[in-house]
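Engineer: One file: work_38.txt (compact mmCIF, C-alpha atoms and all ligand atoms).
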# COMPACT_ATOMS: atom_id res chain seq x y z
CA MET A 47 -49.30 93.28 39.87
CA ASN A 48 -51.29 92.35 42.99
CA ARG A 49 -51.01 94.70 45.95
CA ILE A 50 -48.74 93.35 48.72
CA VAL A 51 -50.75 92.08 51.72
CA THR A 52 -48.51 91.47 54.72
CA LEU A 53 -49.26 88.85 57.38
CA ASP A 54 -49.93 91.58 59.93
CA GLU A 55 -52.42 93.35 57.64
CA PHE A 56 -54.13 90.06 56.77
CA ILE A 57 -54.47 89.00 60.41
CA LEU A 58 -55.92 92.39 61.35
CA ARG A 59 -58.36 92.29 58.40
CA ARG A 60 -59.48 88.76 59.31
CA GLN A 61 -59.82 89.58 63.00
CA LYS A 62 -63.58 89.92 62.47
CA ASP A 63 -63.71 86.21 61.49
CA PHE A 64 -62.84 85.32 65.01
CA PRO A 65 -65.78 84.94 67.46
CA TYR A 66 -64.05 86.62 70.35
CA ALA A 67 -62.07 89.05 68.19
CA THR A 68 -60.41 91.16 70.83
CA GLY A 69 -57.00 91.39 69.17
CA GLU A 70 -55.45 88.85 71.54
CA LEU A 71 -55.16 86.10 68.93
CA THR A 72 -53.91 88.72 66.50
CA GLY A 73 -51.09 89.55 68.91
CA LEU A 74 -50.24 85.89 69.33
CA LEU A 75 -50.10 85.19 65.57
CA ARG A 76 -47.89 88.23 65.10
CA ASP A 77 -45.55 86.98 67.86
CA ILE A 78 -45.23 83.68 65.97
CA GLY A 79 -44.50 85.56 62.74
CA VAL A 80 -41.66 87.45 64.46
CA ALA A 81 -40.21 84.23 65.90
CA ALA A 82 -40.37 82.64 62.44
CA LYS A 83 -38.31 85.48 60.95
CA ILE A 84 -35.68 85.12 63.69
CA VAL A 85 -35.49 81.33 63.34
CA ASN A 86 -35.37 81.64 59.55
CA ARG A 87 -32.32 83.90 59.82
CA GLU A 88 -30.43 81.29 61.86
CA VAL A 89 -31.61 78.28 59.85
CA ASN A 90 -30.37 79.96 56.68
CA LYS A 91 -26.97 80.48 58.31
CA ALA A 92 -26.71 76.84 59.43
CA GLY A 93 -24.24 75.97 56.69
CA LEU A 94 -22.19 79.08 57.41
CA VAL A 95 -22.29 78.30 61.11
CA ASN A 96 -20.58 74.98 60.35
CA ILE A 97 -17.97 76.73 58.18
CA LEU A 98 -17.40 79.39 60.78
CA GLY A 99 -16.97 76.64 63.36
CA PHE A 100 -19.56 78.07 65.74
CA ALA A 101 -21.57 74.84 65.76
CA GLY A 102 -21.23 73.32 69.22
CA GLU A 103 -18.30 75.59 70.12
CA GLU A 104 -18.04 79.05 71.70
CA ASN A 105 -18.98 82.02 69.53
CA ALA A 106 -17.31 85.45 69.48
CA THR A 107 -18.85 86.50 72.78
CA GLY A 108 -17.83 83.28 74.46
CA ASP A 109 -21.40 81.93 74.57
CA LYS A 110 -22.04 78.29 73.84
CA VAL A 111 -24.01 78.13 70.57
CA ALA A 112 -27.12 76.06 71.12
CA LYS A 113 -28.25 73.54 68.54
CA LEU A 114 -30.73 75.11 66.12
CA ASP A 115 -33.77 73.33 67.54
CA ILE A 116 -32.89 74.52 71.04
CA TYR A 117 -32.31 78.01 69.59
CA ALA A 118 -35.67 77.92 67.80
CA ASN A 119 -37.35 76.77 71.01
CA GLU A 120 -35.86 79.63 73.01
CA LYS A 121 -36.82 82.24 70.38
CA LEU A 122 -40.42 81.00 70.21
CA ILE A 123 -40.75 81.15 73.99
CA GLU A 124 -39.19 84.63 74.02
CA CYS A 125 -41.46 85.99 71.25
CA LEU A 126 -44.61 84.41 72.66
CA SER A 127 -43.94 86.34 75.85
CA ASN A 128 -44.00 89.65 73.94
CA SER A 129 -47.75 90.21 73.50
CA GLY A 130 -48.65 88.80 76.90
CA GLU A 131 -51.49 86.80 75.29
CA CYS A 132 -49.99 83.36 75.95
CA CYS A 133 -49.98 82.02 79.52
CA ALA A 134 -47.90 78.88 78.84
CA ILE A 135 -46.37 76.76 76.10
CA ALA A 136 -45.75 73.06 75.52
CA SER A 137 -42.88 72.13 73.23
CA GLU A 138 -41.20 69.01 71.91
CA GLU A 139 -38.04 70.38 73.52
CA ASN A 140 -39.50 70.68 77.05
CA GLU A 141 -40.51 67.71 79.21
CA ASP A 142 -43.24 69.73 80.96
CA TYR A 143 -45.27 72.78 79.94
CA VAL A 144 -43.60 76.15 80.54
CA PRO A 145 -45.58 79.00 82.16
CA LEU A 146 -44.79 82.44 80.66
CA PRO A 147 -44.50 85.66 82.68
CA VAL A 148 -47.82 87.54 83.03
CA LEU A 149 -47.40 91.12 81.77
CA ASP A 150 -48.94 93.97 83.79
CA GLY A 151 -52.62 94.39 83.07
CA LYS A 152 -52.80 91.20 80.96
CA SER A 153 -54.83 88.08 81.70
CA PRO A 154 -53.63 85.71 78.95
CA LYS A 155 -56.33 83.42 77.55
CA TYR A 156 -54.27 81.14 75.29
CA VAL A 157 -51.73 78.34 75.43
CA VAL A 158 -49.49 77.41 72.50
CA VAL A 159 -48.06 74.02 71.55
CA PHE A 160 -45.20 73.73 69.08
CA ASP A 161 -42.45 71.67 67.58
CA PRO A 162 -39.84 74.39 67.19
CA LEU A 163 -37.87 72.71 64.42
CA ASP A 164 -39.45 69.58 62.99
CA GLY A 165 -37.06 67.46 60.97
CA SER A 166 -34.05 69.20 62.54
CA SER A 167 -31.82 66.17 61.87
CA ASN A 168 -32.00 67.31 58.21
CA ILE A 169 -30.40 70.68 58.91
CA ASP A 170 -26.87 69.44 58.30
CA VAL A 171 -27.82 68.23 54.80
CA ASN A 172 -29.83 71.32 53.83
CA VAL A 173 -33.19 69.52 53.67
CA PRO A 174 -36.23 71.71 54.51
CA VAL A 175 -37.29 71.82 58.16
CA GLY A 176 -40.15 73.62 59.84
CA THR A 177 -41.88 75.00 62.91
CA ILE A 178 -45.33 73.56 63.69
CA PHE A 179 -47.69 75.36 66.12
CA GLY A 180 -51.19 75.14 67.57
CA ILE A 181 -53.13 77.62 69.72
CA TYR A 182 -55.82 76.70 72.28
CA ARG A 183 -57.96 78.87 74.51
CA ARG A 184 -56.99 77.90 78.04
CA LYS A 185 -59.57 75.98 80.11
CA SER A 186 -58.24 77.19 83.47
CA ASN A 187 -59.21 80.53 85.01
CA ALA A 188 -57.33 83.44 83.40
CA SER A 189 -56.35 84.70 86.85
CA GLU A 190 -54.75 81.36 87.78
CA PRO A 191 -51.56 79.68 86.52
CA ALA A 192 -51.91 77.37 83.51
CA THR A 193 -52.69 73.71 84.13
CA LEU A 194 -51.95 70.49 82.21
CA GLU A 195 -55.63 70.34 81.19
CA ASP A 196 -55.11 73.55 79.19
CA PHE A 197 -52.92 71.46 76.86
CA LEU A 198 -54.68 68.09 76.88
CA GLN A 199 -57.40 69.30 74.51
CA ARG A 200 -58.49 67.54 71.34
CA GLY A 201 -57.20 68.94 68.06
CA SER A 202 -60.78 69.90 67.18
CA GLN A 203 -60.55 72.49 70.00
CA LEU A 204 -57.68 74.36 68.33
CA VAL A 205 -58.48 78.02 67.65
CA ALA A 206 -55.55 78.35 65.24
CA ALA A 207 -52.73 76.22 63.86
CA GLY A 208 -50.02 76.50 61.29
CA TYR A 209 -46.47 75.86 60.27
CA VAL A 210 -43.44 77.67 58.93
CA LEU A 211 -41.43 75.83 56.27
CA TYR A 212 -37.79 76.90 55.96
CA GLY A 213 -37.19 75.68 52.41
CA THR A 214 -36.25 77.18 49.05
CA SER A 215 -38.29 80.08 50.38
CA THR A 216 -39.74 80.58 53.86
CA LEU A 217 -43.48 80.02 53.93
CA LEU A 218 -45.90 80.51 56.83
CA VAL A 219 -49.21 78.65 56.44
CA TYR A 220 -51.96 79.05 59.05
CA SER A 221 -55.67 78.77 59.71
CA THR A 222 -58.00 80.12 62.40
CA GLY A 223 -60.73 77.72 61.25
CA HIS A 224 -61.81 79.88 58.32
CA GLY A 225 -59.72 78.43 55.48
CA VAL A 226 -55.96 78.18 54.98
CA ASN A 227 -53.64 80.91 53.72
CA GLY A 228 -49.92 80.94 52.93
CA PHE A 229 -47.44 83.80 53.29
CA THR A 230 -43.97 83.90 51.76
CA LEU A 231 -41.21 85.80 53.55
CA ASP A 232 -39.86 88.63 51.37
CA PRO A 233 -36.36 89.09 52.82
CA THR A 234 -35.96 92.44 51.05
CA ILE A 235 -38.68 93.96 53.26
CA GLY A 236 -38.61 91.44 56.14
CA GLU A 237 -42.34 90.76 55.81
CA PHE A 238 -44.43 87.62 55.28
CA CYS A 239 -46.58 88.49 52.23
CA LEU A 240 -49.79 86.73 51.16
CA SER A 241 -48.71 84.36 48.37
CA HIS A 242 -51.14 81.41 48.60
CA PRO A 243 -54.66 82.65 49.45
CA ASP A 244 -57.40 80.13 50.32
CA ILE A 245 -55.38 76.92 49.86
CA GLN A 246 -57.52 73.94 48.75
CA MET A 247 -56.01 70.45 48.85
CA PRO A 248 -56.58 68.38 45.65
CA LYS A 249 -58.99 65.45 46.27
CA ARG A 250 -56.33 63.08 44.91
CA GLY A 251 -52.65 63.34 44.05
CA ARG A 252 -49.76 61.51 42.43
CA TYR A 253 -47.68 61.25 45.60
CA TYR A 254 -47.55 58.91 48.56
CA SER A 255 -45.14 59.61 51.40
CA VAL A 256 -44.00 56.84 53.75
CA ASN A 257 -40.68 55.46 55.00
CA GLN A 258 -40.53 52.52 52.59
CA GLY A 259 -37.60 51.16 54.58
CA TYR A 260 -40.06 50.08 57.29
CA TYR A 261 -42.36 48.28 54.81
CA LEU A 262 -41.78 44.82 56.28
CA LYS A 263 -42.43 46.20 59.77
CA PHE A 264 -45.91 47.52 58.90
CA ASP A 265 -49.13 45.58 59.52
CA VAL A 266 -50.43 43.62 56.54
CA GLU A 267 -53.24 46.11 55.76
CA MET A 268 -50.74 49.00 55.50
CA ARG A 269 -48.50 46.91 53.26
CA ARG A 270 -51.51 46.14 51.05
CA TYR A 271 -52.35 49.86 50.80
CA ILE A 272 -48.73 50.80 50.02
CA ASP A 273 -48.69 48.12 47.30
CA HIS A 274 -51.90 49.67 45.94
CA CYS A 275 -50.19 53.10 45.76
CA SER A 276 -47.34 51.47 43.86
CA ASP A 277 -49.78 49.64 41.53
CA LEU A 278 -51.34 53.05 40.75
CA ASN A 279 -47.85 54.26 39.75
CA LEU A 280 -47.97 56.96 42.41
CA ARG A 281 -44.64 58.62 43.12
CA LEU A 282 -42.95 57.99 46.46
CA ARG A 283 -41.66 61.19 48.07
CA TYR A 284 -40.33 61.04 51.65
CA ILE A 285 -37.66 63.37 53.01
CA GLY A 286 -37.86 62.64 56.73
CA SER A 287 -39.34 66.04 57.57
CA MET A 288 -43.07 65.68 58.22
CA VAL A 289 -43.80 69.36 57.78
CA ALA A 290 -42.14 69.36 54.33
CA ASP A 291 -43.73 66.08 53.24
CA VAL A 292 -47.20 67.22 54.32
CA HIS A 293 -46.65 70.65 52.73
CA ARG A 294 -46.05 69.00 49.33
CA ILE A 295 -49.27 67.02 49.69
CA LEU A 296 -51.24 70.09 50.81
CA PHE A 297 -50.41 71.77 47.50
CA GLN A 298 -50.15 68.84 45.06
CA GLY A 299 -52.35 66.19 46.64
CA GLY A 300 -51.35 62.78 47.96
CA ILE A 301 -51.10 60.96 51.26
CA PHE A 302 -48.53 60.87 54.07
CA LEU A 303 -48.38 57.80 56.29
CA TYR A 304 -46.57 57.00 59.51
CA PRO A 305 -48.04 53.65 60.66
CA ASN A 306 -47.18 51.68 63.80
CA THR A 307 -44.02 49.57 63.77
CA ARG A 308 -42.42 47.29 66.35
CA LYS A 309 -40.19 50.22 67.42
CA TYR A 310 -43.12 52.63 67.55
CA PRO A 311 -46.21 50.49 68.39
CA HIS A 312 -48.31 53.68 68.82
CA GLY A 313 -46.66 55.52 65.95
CA LYS A 314 -43.66 57.87 66.13
CA LEU A 315 -45.18 61.28 65.49
CA ARG A 316 -46.43 63.45 68.34
CA LEU A 317 -50.17 64.13 68.60
CA LEU A 318 -50.14 67.53 70.29
CA TYR A 319 -47.59 69.55 68.34
CA GLU A 320 -47.09 67.66 65.08
CA CYS A 321 -50.20 65.73 64.06
CA ASN A 322 -53.00 67.90 65.48
CA PRO A 323 -51.84 71.24 64.01
CA LEU A 324 -51.12 69.69 60.59
CA SER A 325 -54.42 67.79 60.65
CA PHE A 326 -56.28 71.01 61.51
CA ILE A 327 -54.69 72.72 58.49
CA VAL A 328 -55.31 69.75 56.16
CA GLU A 329 -58.99 69.44 57.16
CA GLN A 330 -59.46 73.19 56.72
CA ALA A 331 -58.06 72.78 53.19
CA GLY A 332 -60.50 69.94 52.39
CA GLY A 333 -58.27 66.97 53.24
CA LYS A 334 -58.52 64.29 55.94
CA ALA A 335 -56.36 62.96 58.77
CA VAL A 336 -56.90 59.69 60.63
CA SER A 337 -54.82 57.34 62.72
CA CYS A 338 -53.97 53.98 61.11
CA GLN A 339 -56.50 52.57 63.59
CA LEU A 340 -59.08 54.84 61.85
CA ALA A 341 -59.67 57.44 64.56
CA ARG A 342 -60.01 61.02 63.31
CA ILE A 343 -56.80 62.66 64.55
CA LEU A 344 -58.60 65.80 65.77
CA ASP A 345 -60.94 63.67 67.93
CA ILE A 346 -58.21 61.81 69.84
CA GLU A 347 -58.26 62.69 73.55
CA PRO A 348 -54.66 63.50 74.55
CA ARG A 349 -53.44 61.78 77.71
CA ASP A 350 -50.00 63.38 77.92
CA LEU A 351 -48.03 66.21 76.29
CA HIS A 352 -45.72 63.95 74.27
CA GLN A 353 -48.24 61.30 73.27
CA ARG A 354 -47.51 59.60 69.94
CA THR A 355 -49.99 58.54 67.28
CA THR A 356 -50.04 56.76 63.95
CA ILE A 357 -51.26 58.95 61.09
CA ALA A 358 -52.53 58.90 57.52
CA ILE A 359 -53.04 62.48 56.32
CA GLY A 360 -53.76 63.98 52.92
CA SER A 361 -56.24 64.08 50.04
CA ALA A 362 -59.73 63.07 51.17
CA GLU A 363 -60.29 60.36 48.52
CA MET A 364 -56.88 58.78 49.19
CA VAL A 365 -57.38 58.72 52.97
CA ASP A 366 -60.80 57.13 52.37
CA GLU A 367 -59.12 54.44 50.22
CA MET A 368 -56.57 53.78 52.97
CA VAL A 369 -59.44 53.40 55.47
CA ASP A 370 -61.09 50.91 53.12
CA PHE A 371 -57.89 48.83 52.94
CA VAL A 372 -57.56 48.77 56.71
CA GLN A 373 -61.20 47.69 57.09
CA ARG A 374 -60.80 44.99 54.46
CA TYR A 375 -57.42 43.52 55.41
CA SER A 376 -56.86 44.27 59.08
CA ALA A 377 -56.24 41.14 61.11
CA LEU A 378 -57.61 43.00 64.13
CA PRO A 379 -61.18 44.34 64.51
CA VAL A 380 -61.21 48.10 63.70
P1 LIG B 401 -38.27 58.27 60.29
C1 LIG B 401 -38.44 64.03 62.12
O1 LIG B 401 -37.56 63.48 63.09
C2 LIG B 401 -39.80 63.38 62.31
O2 LIG B 401 -40.28 63.66 63.59
C3 LIG B 401 -40.76 63.85 61.24
O3 LIG B 401 -40.56 65.17 60.86
C4 LIG B 401 -40.50 62.87 60.11
O4 LIG B 401 -41.61 62.70 59.24
C5 LIG B 401 -40.21 61.57 60.87
O5 LIG B 401 -39.68 61.96 62.15
C6 LIG B 401 -39.18 60.71 60.16
O6 LIG B 401 -39.07 59.52 60.91
O7 LIG B 401 -38.50 57.14 61.29
O8 LIG B 401 -38.89 57.95 58.94
O9 LIG B 401 -36.83 58.71 60.17
Take the structure in the file and give it back as structure tokens.

Structural biologist:
Amino acid sequence: MNRIVTLDEFILRRQKDFPYATGELTGLLRDIGVAAKIVNREVNKAGLVNILGFAGEENATGDKVAKLDIYANEKLIECLSNSGECCAIASEENEDYVPLPVLDGKSPKYVVVFDPLDGSSNIDVNVPVGTIFGIYRRKSNASEPATLEDFLQRGSQLVAAGYVLYGTSTLLVYSTGHGVNGFTLDPTIGEFCLSHPDIQMPKRGRYYSVNQGYYLKFDVEMRRYIDHCSDLNLRLRYIGSMVADVHRILFQGGIFLYPNTRKYPHGKLRLLYECNPLSFIVEQAGGKAVSCQLARILDIEPRDLHQRTTIAIGSAEMVDEMVDFVQRYSALPV
């Protein structure tokens, strides 16, 4: 039986991989691991919460129970304040970035972006949801407050990114730019344990993941590519939770698509805290991620915190095929 390697031990061991290994990023990753355990506990109670009638009402101490995504947001902010290594966060749940308190003797060098609970509309029907996060070194002076520019960095500038999937088991997958590793939460010891070392994405897969209901709203080149996936007898898997859909493709190969529609002319998914972190992970695992207008996701210059983008992410050969279809059939010059 393999020796148990906890997330903490793994992070500490790999600290040497990191150019400015001073333990700060280690502290930050551990904070995220703690937040994931706390969120996991509440997500797993969601059904019970409904039975117990706490949802949306007052709980035993008379406090209003926040919705789970608000709860997850608050816990992430709280835990990221613990190590004092993060100077500010940007979250799907907050209109603006949120500065964190500076602890005595600390000069925090990082900012963190996250979607605290991606796919949260699925909670009520027990479909997997997840936390997506990305870590940047701040650009502003460590002795000054954070600025918007600290967040408007390309995905290629990420120093670490990952996600936590609250599914049949709770899995934390992350990368600091030196490969991708997955850790499964062992509830009996309350530790994330290394379960998927050095994840490599298959070059092709049997799955394509897109909201087929929007088919007629997609541009002709995307419809042609989706028809091609169907002609290849690929299997359509789409559960409305990007982190879960991309997770399947990371392990089994395939492609996830969210093209532009009339409702979302620039795509629906958020660049900063959904597409960039997942694209960082997928590229580190040997996959690719581009917009449906063929820009590499990690090269897109963010203009605002909640900027949306189209995306095609997954196995390298399948993304290349999608690019070929767009180049061949696009009515617009690409
Ligand atoms: P649609 C969840 O709300 C989310 O942001 C992603 O997790 C998911 O892939 C997408 O939206 C689903 O969007 O338009 O297909 O319901």

Engineer: Return the single residue from A:Phe160, A:Phe302, A:Phe371, A:Tyr253 that is closest to A:Leu278, with distances computed using all atoms listed in the file.

Structural biologist: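 Comparing A:Phe160, A:Phe302, A:Phe371, A:Tyr253 against A:Leu278, the winner is A:Tyr253.
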
Engineer: Using all atoms listed in the file, which of A:Pro145, A:Gly251, A:Gly313, A:Gly213 sits nearest ligand LIG 401 (chain B)?

Structural biologist: A:Gly313

Engineer: Measure the distance from atom CA of A:His274 to atom CA of A:Gln298 in Å and round it to one decimal.

Structural biologist: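 Computing it gives 19.3 Å between the two atoms.
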
Engineer: Could you pull the residues within 9 Å of A:Arg184, counting all atoms listed in the file, minus those fewer than 5 positions along the same chain, as a PDB file with C-alpha atoms, in the coordinates of the input?

Structural biologist:
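Printed below is result_14.pdb as written:
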ATOM      1  CA  CYS A 133     -49.980  82.020  79.520  1.00  0.00           C
ATOM      2  CA  PRO A 154     -53.630  85.710  78.950  1.00  0.00           C
ATOM      3  CA  LYS A 155     -56.330  83.420  77.550  1.00  0.00           C
ATOM      4  CA  TYR A 156     -54.270  81.140  75.290  1.00  0.00           C
ATOM      5  CA  VAL A 157     -51.730  78.340  75.430  1.00  0.00           C
ATOM      6  CA  ALA A 192     -51.910  77.370  83.510  1.00  0.00           C
ATOM      7  CA  THR A 193     -52.690  73.710  84.130  1.00  0.00           C
ATOM      8  CA  GLU A 195     -55.630  70.340  81.190  1.00  0.00           C
ATOM      9  CA  ASP A 196     -55.110  73.550  79.190  1.00  0.00           C
ATOM     10  CA  PHE A 197     -52.920  71.460  76.860  1.00  0.00           C
TER      11      PHE A 197
END

Engineer: Step by step, measure atom-to-atom distances between ligand LIG 401 (chain B) and each residue using all atoms listed in the file, keep those at most 6 Å, then write them as a VMD selection string.

Structural biologist: chain A and resid 164 to 165 257 286 to 288 315

Engineer: Would you list the residues near (-59.5, 62.5, 44.1), meaning any protein, DNA or RNA residue with an atom at most 7 Å from that point in file coordinates, counting all atoms listed in the file, as a PyMOL selection string?

Structural biologist: chain A and resi 248-251+361+363-364

Engineer: Residues within 10 Å of A:Asp291, please, as an MDAnalysis selection string. Count all atoms listed in the file; anything in the same chain fewer than 5 positions from it doesn't count.

Structural biologist: chainID A and resid 174:175 253:256 283:286 296 300:303
